[in-house]
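Enquirer: One structure coming up, written as structure tokens, with questions to follow.
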Amino acid sequence: MEDLMEKIVSLCKRRGFVFPGSEIYGGLANSWDYGPLGAQMRMNIKTDWWKKVVEQRDDMVGLDGSILMNPKVWIASGHVGHFSDPLVEDVESHKRYRADHLVEEVLGISADGMSTQELNELIQKNNIKSPEGNALTPAKQFNLMFETKIGKTEDDKSVVYLRPETAQAIFVNFKNVLDTTRKRLPFGVAQIGKAFRNEITPGNFVFRTLEFEQMEIEYFLEEGDWETHFNAWVAWMQKWAASLGIQTDHLHAEDIAQEKLAHYSKRTIDFEFEFPFGKKELWGLAYRTNFDLTNHQEHSKQKLEYSDPNDNSKKLIPHVVEPTFGVDRTLLAILCSAYHEEEVEGETRVVMKFKPHMAPYQVAVLPLMKKGGLAEKAREVMEGLLPHFRCEYDETGSIGKRYRRQDEIGTPYAITVDFETLESGTVTVRNRDTMEQERISTNDLIEYISRNTK
Ligand code: GAP
């Protein structure tokens with residue numbers, strides 16, 4: 001399975017999905033840049049999500065909050081006090097490790113939610129060493145928020161944090177959204193944006209990085225209704241995963257035990273996906289109660305209540321259910337699900353079986369050869385398709401090699417322009433998955449591809 005991950009990482013680099021970050025300067029550990037194909041797929045994921053959770057729903061609106069917020073936000077949210085992981089250091093190499101991960105690896109138990117004291121006791125009792133075989137410093141909590149400073153002064157007052165989750169901008173703007181949209185409970189606010197965490201052990205390609213993108217929803221409701229909406233979001237998330245082409249038999253909704261819940265949550269389901277490197281969290285769904293709004297009301301001294309439109313005397317601080325999605329992990333799950341190898345005529349064909357709406361390109365336009373007016377005709381065909389589909393034109397190399405390249409980047413349809421095109425106005429359309437070819441009139445192409453890419 002590790003082998004599969006290597007193949008995916010190599011394909012991503014070779015074909016332009018994901019590049020190592022700052023590569024010409026020797027890279028920056030665990031940073032990645034999305035190439036032309038990866039950038040398009042991330043856009044496809046975000047657009048599909050936004051359309052489905054904001055544009056096509058009457059009970060949801062969008063928000064685009066800033067990355068830098070008043071540091072008091074992170075005190076009120078509990079991130080300054082609690083958003084930390086237990087860290088140990090190799091006394092020789094000074095490499096840092098997650099204490100809970102080392103305990104889990106060595107003892108084969110779950111160390112989620114253990115205190116630093118419990119971890120230290122286990123490390124001592126079992127004489128756990130670093131992966132290099134050296135002694136470890138005692139575990140201490142390490143806050144994951146990145147700090148930076150604003151302005152010219154170097155004093156403590158200028159410290160700000162890069163947001164570790166997008167969610168807080170939604171809570172902080174709750175009253176603004178309520179007053180400007182006149183939404184009534186239950187309603188949700190959705191947001192897409194970058195988040196930053198100074199992870200002690202990033203890794204596994206784009207799975208755990210220091211900078212990543214989240215798509216988050218805070219669904220505001222009355223306390224008594226939380227379970228109904230929680231269950232509805234479970235169903236929504238499972239359905240959305242299938243629609244993206246994520247292997248549903250590799251996706252598991254795991255209820256998190258009470259003692260392992262995040263500081264704000266009363267119930268959490270982790271949607272875990274069987275990545276090639278193990279079963280790991282893809283998305284999360286948490287019932288955050290009214291923890292955040294209550295704390296922001298207390299710290300900001302601003303009323304964050306909701307008045308029942310039918311009974312003005314009824315005031316409450318709404319509770320929330322929070323579905324949260326990582327864009328990068330979603331892309332990785334799609335890549336892992338789509339990767340297929342098939343034996344064709346004694347050769348291995350690598351094909352990314354993306355759903356057409358997720359594929360970087362939906363159509364490839366290929367002149368059989370450059371000469372004889374075929375290149376010009378192919379460009380003309382592509383011009384007609386570009387307003388409707390994401391298209392790539394390719395005239396380089398043998399047609400067989402060009403088909404294989406399109407298979408590797410997951411293009412569902414390859415249109416070949418040949419000499420018959422010049423005579424009869426028809427092209428061949430090759431289906432990526434079946435490799436079958438049909439002759440279609442250029443006049444029918446838009447309708448044909450639209451029908452088959454829905
Ligand atoms: N607002 C709740 C929250 O942030 P989380 O489980 O810590 O919850 C939500 O993060 C999602 O963000 C995760 O399910 C995952 O998809 C993504 N994510 C979290 N940390 C990440 C990291 N270091 N690298 C890439 N994605 C990450």
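Residue numbering restarts at 1 for every chain of the structure tokens, chains are lettered A, B, ... in their displayed order, and ligands are numbered from 1 as they appear.
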With only C-alpha atoms and all ligand atoms counted, collect every polymer residue having an atom within 9 Å of ligand 1; state the result as number ranges by chain.
Expert: A: 164-168, 195-199, 202-203, 206-218, 262, 270-272, 281-286, 322-330
Enquirer: Report as a tab-separated table the residues of segment 199-302 of chain A within 8 Å of segment 340-358 of chain A, each with its shortest atom pair and distance in Å (one decimal), using only C-alpha atoms, ordered by chain and increasing residue number.
Expert:
residue	atom	partner	partner_atom	distance
A:Ser243	CA	A:Lys355	CA	8.0
A:Leu244	CA	A:Lys355	CA	6.6
A:Gly245	CA	A:Lys355	CA	5.8
Enquirer: Counting only C-alpha atoms, which residue out of A:Arg404, A:Arg15, A:Leu422, A:Thr396 sits closest to Gly373 of chain A?
Expert: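 Going through A:Arg404, A:Arg15, A:Leu422, A:Thr396 one by one, the smallest distance to Gly373 of chain A is for A:Leu422.
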Enquirer: Figure out the distance between atom CA of Leu63 of chain A and atom CA of Gln191 of chain A, please, to one decimal in Å.
Expert: 5.2 Å
Enquirer: Set the distance at 9 Å and use only C-alpha atoms: which residues neighbour Met41 of chain A once local chain neighbours fewer than 6 positions away are removed? I'd like the list as a ChimeraX atom specification.
Expert: /A:17,331,358-360
Enquirer: For the residues in the current selection, export all heavy atoms as an mmCIF file, in the first residue's frame.
Expert:
data_model
loop_
_atom_site.group_PDB
_atom_site.id
_atom_site.type_symbol
_atom_site.label_atom_id
_atom_site.label_comp_id
_atom_site.auth_asym_id
_atom_site.auth_seq_id
_atom_site.Cartn_x
_atom_site.Cartn_y
_atom_site.Cartn_z
ATOM 1 N N PHE A 17 0.057 17.675 -10.964
ATOM 2 C CA PHE A 17 -0.991 17.845 -9.945
ATOM 3 C C PHE A 17 -0.404 18.570 -8.722
ATOM 4 O O PHE A 17 -0.961 19.540 -8.253
ATOM 5 C CB PHE A 17 -1.550 16.490 -9.496
ATOM 6 C CG PHE A 17 -2.430 15.803 -10.504
ATOM 7 C CD1 PHE A 17 -1.901 14.922 -11.433
ATOM 8 C CD2 PHE A 17 -3.797 16.023 -10.509
ATOM 9 C CE1 PHE A 17 -2.715 14.282 -12.364
ATOM 10 C CE2 PHE A 17 -4.622 15.387 -11.422
ATOM 11 C CZ PHE A 17 -4.074 14.519 -12.356
ATOM 12 N N LEU A 331 -8.956 16.103 -1.876
ATOM 13 C CA LEU A 331 -8.267 15.853 -3.142
ATOM 14 C C LEU A 331 -7.470 14.547 -3.056
ATOM 15 O O LEU A 331 -7.512 13.722 -3.976
ATOM 16 C CB LEU A 331 -7.331 17.026 -3.485
ATOM 17 C CG LEU A 331 -6.439 16.817 -4.706
ATOM 18 C CD1 LEU A 331 -7.265 16.616 -5.973
ATOM 19 C CD2 LEU A 331 -5.498 18.001 -4.902
ATOM 20 N N MET A 358 -15.060 16.345 -11.578
ATOM 21 C CA MET A 358 -13.858 16.546 -10.766
ATOM 22 C C MET A 358 -12.585 16.528 -11.610
ATOM 23 O O MET A 358 -11.547 17.031 -11.182
ATOM 24 C CB MET A 358 -13.752 15.443 -9.701
ATOM 25 C CG MET A 358 -14.681 15.618 -8.553
ATOM 26 S SD MET A 358 -14.311 17.138 -7.635
ATOM 27 C CE MET A 358 -15.874 17.983 -7.753
ATOM 28 N N ALA A 359 -12.641 15.928 -12.787
ATOM 29 C CA ALA A 359 -11.434 15.776 -13.617
ATOM 30 C C ALA A 359 -10.862 17.146 -13.986
ATOM 31 O O ALA A 359 -11.618 18.083 -14.239
ATOM 32 C CB ALA A 359 -11.785 14.993 -14.883
ATOM 33 N N PRO A 360 -9.525 17.257 -14.037
ATOM 34 C CA PRO A 360 -8.939 18.558 -14.427
ATOM 35 C C PRO A 360 -9.436 18.985 -15.811
ATOM 36 O O PRO A 360 -9.846 20.122 -16.004
ATOM 37 C CB PRO A 360 -7.436 18.286 -14.446
ATOM 38 C CG PRO A 360 -7.218 17.019 -13.716
ATOM 39 C CD PRO A 360 -8.497 16.252 -13.714
#
Enquirer: Write out as number ranges by chain the residues lying within 12 Å of Gly384 of chain A, counting only C-alpha atoms and excluding same-chain residues fewer than 4 positions away.
Expert: A: 363, 365, 377-380, 388-391, 442-446
Enquirer: I need the residue nearest Ala241 of chain A from this list: A:Val189, A:Lys266, A:Asp407, A:Asp48. Use only C-alpha atoms for the distance.
Expert: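 Looking at the shortest contact to Ala241 of chain A, the residue is A:Asp48.
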Enquirer: Hey, what's within 10 Å of segment 92-106 of chain A if we count only C-alpha atoms and toss same-chain stuff fewer than 4 positions away? As a PyMOL selection string, please?
Expert: chain A and resi 85-88+110-116+118-120+122-123+126+128-142+199-201
Enquirer: Output N, CA, C and O atoms for every residue in that selection, as a CSV table (one decimal), in the first residue's frame.
Expert:
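To be explicit, this is the file written out as out24.csv:
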chain,number,residue,atom,x,y,z
A,85,ASP,N,-0.5,19.9,21.2
A,85,ASP,CA,-0.2,18.5,21.1
A,85,ASP,C,1.0,18.2,22.0
A,85,ASP,O,1.8,19.1,22.2
A,86,PRO,N,1.0,17.0,22.6
A,86,PRO,CA,2.2,16.7,23.5
A,86,PRO,C,3.4,16.4,22.7
A,86,PRO,O,3.4,15.6,21.8
A,87,LEU,N,4.5,17.1,23.0
A,87,LEU,CA,5.7,17.0,22.3
A,87,LEU,C,6.9,16.4,23.1
A,87,LEU,O,7.0,16.8,24.3
A,88,VAL,N,7.7,15.6,22.5
A,88,VAL,CA,8.9,15.1,23.1
A,88,VAL,C,10.1,15.4,22.2
A,88,VAL,O,9.8,15.5,21.0
A,110,SER,N,-4.3,3.1,22.1
A,110,SER,CA,-4.7,4.5,21.6
A,110,SER,C,-4.3,5.5,22.8
A,110,SER,O,-4.7,5.3,23.9
A,111,ALA,N,-3.6,6.5,22.4
A,111,ALA,CA,-3.2,7.5,23.4
A,111,ALA,C,-3.9,8.8,23.2
A,111,ALA,O,-3.6,9.8,23.9
A,112,ASP,N,-4.9,8.8,22.4
A,112,ASP,CA,-5.7,10.1,22.2
A,112,ASP,C,-6.3,10.6,23.5
A,112,ASP,O,-6.8,9.9,24.3
A,113,GLY,N,-6.1,11.9,23.7
A,113,GLY,CA,-6.7,12.5,24.9
A,113,GLY,C,-5.9,12.2,26.2
A,113,GLY,O,-6.4,12.7,27.3
A,114,MET,N,-4.8,11.5,26.2
A,114,MET,CA,-4.0,11.3,27.4
A,114,MET,C,-3.4,12.6,27.9
A,114,MET,O,-2.9,13.4,27.0
A,115,SER,N,-3.3,12.8,29.2
A,115,SER,CA,-2.6,14.0,29.7
A,115,SER,C,-1.1,13.8,29.5
A,115,SER,O,-0.6,12.6,29.3
A,116,THR,N,-0.3,14.9,29.6
A,116,THR,CA,1.2,14.8,29.5
A,116,THR,C,1.7,13.9,30.6
A,116,THR,O,2.6,13.1,30.4
A,118,GLU,N,0.2,11.3,32.1
A,118,GLU,CA,0.0,9.9,31.7
A,118,GLU,C,1.0,9.4,30.7
A,118,GLU,O,1.5,8.3,30.7
A,119,LEU,N,1.2,10.3,29.7
A,119,LEU,CA,2.2,9.9,28.6
A,119,LEU,C,3.6,9.8,29.2
A,119,LEU,O,4.3,8.8,28.9
A,120,ASN,N,4.0,10.7,30.0
A,120,ASN,CA,5.3,10.6,30.6
A,120,ASN,C,5.5,9.3,31.4
A,120,ASN,O,6.5,8.7,31.4
A,122,LEU,N,3.9,6.5,31.0
A,122,LEU,CA,4.0,5.3,30.0
A,122,LEU,C,5.4,5.3,29.4
A,122,LEU,O,6.0,4.2,29.2
A,123,ILE,N,5.9,6.5,29.0
A,123,ILE,CA,7.2,6.5,28.3
A,123,ILE,C,8.3,6.0,29.3
A,123,ILE,O,9.2,5.2,28.9
A,126,ASN,N,7.9,2.1,30.2
A,126,ASN,CA,8.2,1.2,29.1
A,126,ASN,C,9.5,1.5,28.4
A,126,ASN,O,9.8,1.0,27.3
A,128,ILE,N,10.4,4.0,26.6
A,128,ILE,CA,10.3,4.3,25.1
A,128,ILE,C,11.3,5.3,24.7
A,128,ILE,O,11.6,6.3,25.3
A,129,LYS,N,11.9,5.0,23.6
A,129,LYS,CA,13.0,5.8,23.0
A,129,LYS,C,12.5,6.5,21.7
A,129,LYS,O,11.5,6.1,21.2
A,130,SER,N,13.3,7.4,21.2
A,130,SER,CA,13.0,8.1,19.9
A,130,SER,C,13.2,7.1,18.8
A,130,SER,O,13.8,6.0,19.0
A,131,PRO,N,12.6,7.3,17.6
A,131,PRO,CA,12.8,6.4,16.5
A,131,PRO,C,14.3,6.1,16.2
A,131,PRO,O,14.7,5.1,15.7
A,132,GLU,N,15.2,7.1,16.6
A,132,GLU,CA,16.6,6.9,16.4
A,132,GLU,C,17.3,6.1,17.6
A,132,GLU,O,18.5,5.9,17.6
A,133,GLY,N,16.5,5.8,18.6
A,133,GLY,CA,17.0,4.9,19.7
A,133,GLY,C,17.6,5.8,20.8
A,133,GLY,O,18.2,5.2,21.7
A,134,ASN,N,17.3,7.1,20.8
A,134,ASN,CA,17.9,7.9,21.9
A,134,ASN,C,16.8,8.2,23.0
A,134,ASN,O,15.6,8.1,22.7
A,135,ALA,N,17.3,8.7,24.1
A,135,ALA,CA,16.4,9.1,25.2
A,135,ALA,C,15.5,10.3,24.8
A,135,ALA,O,15.9,11.1,23.9
A,136,LEU,N,14.4,10.5,25.5
A,136,LEU,CA,13.5,11.6,25.1
A,136,LEU,C,13.4,12.5,26.3
A,136,LEU,O,13.4,12.1,27.4
A,137,THR,N,13.1,13.8,26.0
A,137,THR,CA,12.8,14.8,27.1
A,137,THR,C,11.4,14.5,27.5
A,137,THR,O,10.6,13.9,26.8
A,138,PRO,N,11.0,14.9,28.7
A,138,PRO,CA,9.6,14.7,29.2
A,138,PRO,C,8.7,15.4,28.2
A,138,PRO,O,9.0,16.5,27.7
A,139,ALA,N,7.5,14.9,28.1
A,139,ALA,CA,6.5,15.5,27.1
A,139,ALA,C,6.0,16.8,27.7
A,139,ALA,O,5.8,16.9,28.9
A,140,LYS,N,5.8,17.8,26.8
A,140,LYS,CA,5.2,19.0,27.2
A,140,LYS,C,4.2,19.5,26.1
A,140,LYS,O,4.4,19.1,25.0
A,141,GLN,N,3.3,20.3,26.5
A,141,GLN,CA,2.3,20.7,25.6
A,141,GLN,C,2.8,21.8,24.7
A,141,GLN,O,3.5,22.7,25.1
A,142,PHE,N,2.5,21.7,23.4
A,142,PHE,CA,3.1,22.6,22.4
A,142,PHE,C,1.9,23.2,21.6
A,142,PHE,O,1.2,22.4,21.0
A,199,GLU,N,2.2,21.9,13.0
A,199,GLU,CA,2.1,20.5,13.3
A,199,GLU,C,3.5,20.0,13.7
A,199,GLU,O,4.5,20.3,13.0
A,200,ILE,N,3.6,19.2,14.7
A,200,ILE,CA,4.9,18.7,15.1
A,200,ILE,C,5.4,17.6,14.1
A,200,ILE,O,6.6,17.6,13.8
A,201,THR,N,4.5,16.8,13.7
A,201,THR,CA,4.9,15.8,12.7
A,201,THR,C,4.0,15.8,11.5
A,201,THR,O,3.1,15.0,11.3
Enquirer: Take atom CA of Val381 of chain A and atom CA of Gly35 of chain A and report the distance between them in Å, one decimal.
Expert: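 Calculated distance between atom CA of Val381 of chain A and atom CA of Gly35 of chain A is 26.3 Å.
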Enquirer: Please determine, counting only C-alpha atoms, which residue among A:Leu304, A:Leu251, A:Ala190, A:Leu28 has the shortest atom-to-atom distance to Val54 of chain A.
Expert: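 Residue with the minimum atom-to-atom distance to Val54 of chain A: A:Ala190.
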Enquirer: With distances taken over only C-alpha atoms, which residue among A:His79, A:Lys175, A:Lys157, A:Arg432 lies nearest Gln297 of chain A?
Expert: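 Going through A:His79, A:Lys175, A:Lys157, A:Arg432 one by one, the smallest distance to Gln297 of chain A is for A:Lys175.
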Enquirer: Could you go through segment 233-379 of chain A and tell me which residues DSSP, when run on the backbone, assigns to helix (DSSP H, G or I), listing them as a PyMOL selection string?
Expert: chain A and resi 233-244+248-250+258-260+291-300+327-338+374-379
Enquirer: As an NGL selection string, please: every residue in segment 197-409 of chain A that a backbone DSSP assignment puts in strand (DSSP E or B).
Expert: :A and (203 or 208 or 211-221 or 251-255 or 267-275 or 278-289 or 306-308 or 311-316 or 319-326 or 339-344 or 347-352 or 363-367 or 391-393)
Enquirer: Let me make sure I understand: among A:Met369, A:Cys12, A:Leu221, A:Cys336, which one has the smallest atom-to-atom distance to Arg288 of chain A if we use only C-alpha atoms?
Expert: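 Closest to Arg288 of chain A, using only C-alpha atoms: A:Leu221.
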Enquirer: What is the distance, in Å and to one decimal place, between atom CA of Ile440 of chain A and atom CA of Thr421 of chain A?
Expert: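 Separation between atom CA of Ile440 of chain A and atom CA of Thr421 of chain A: 9.7 Å.
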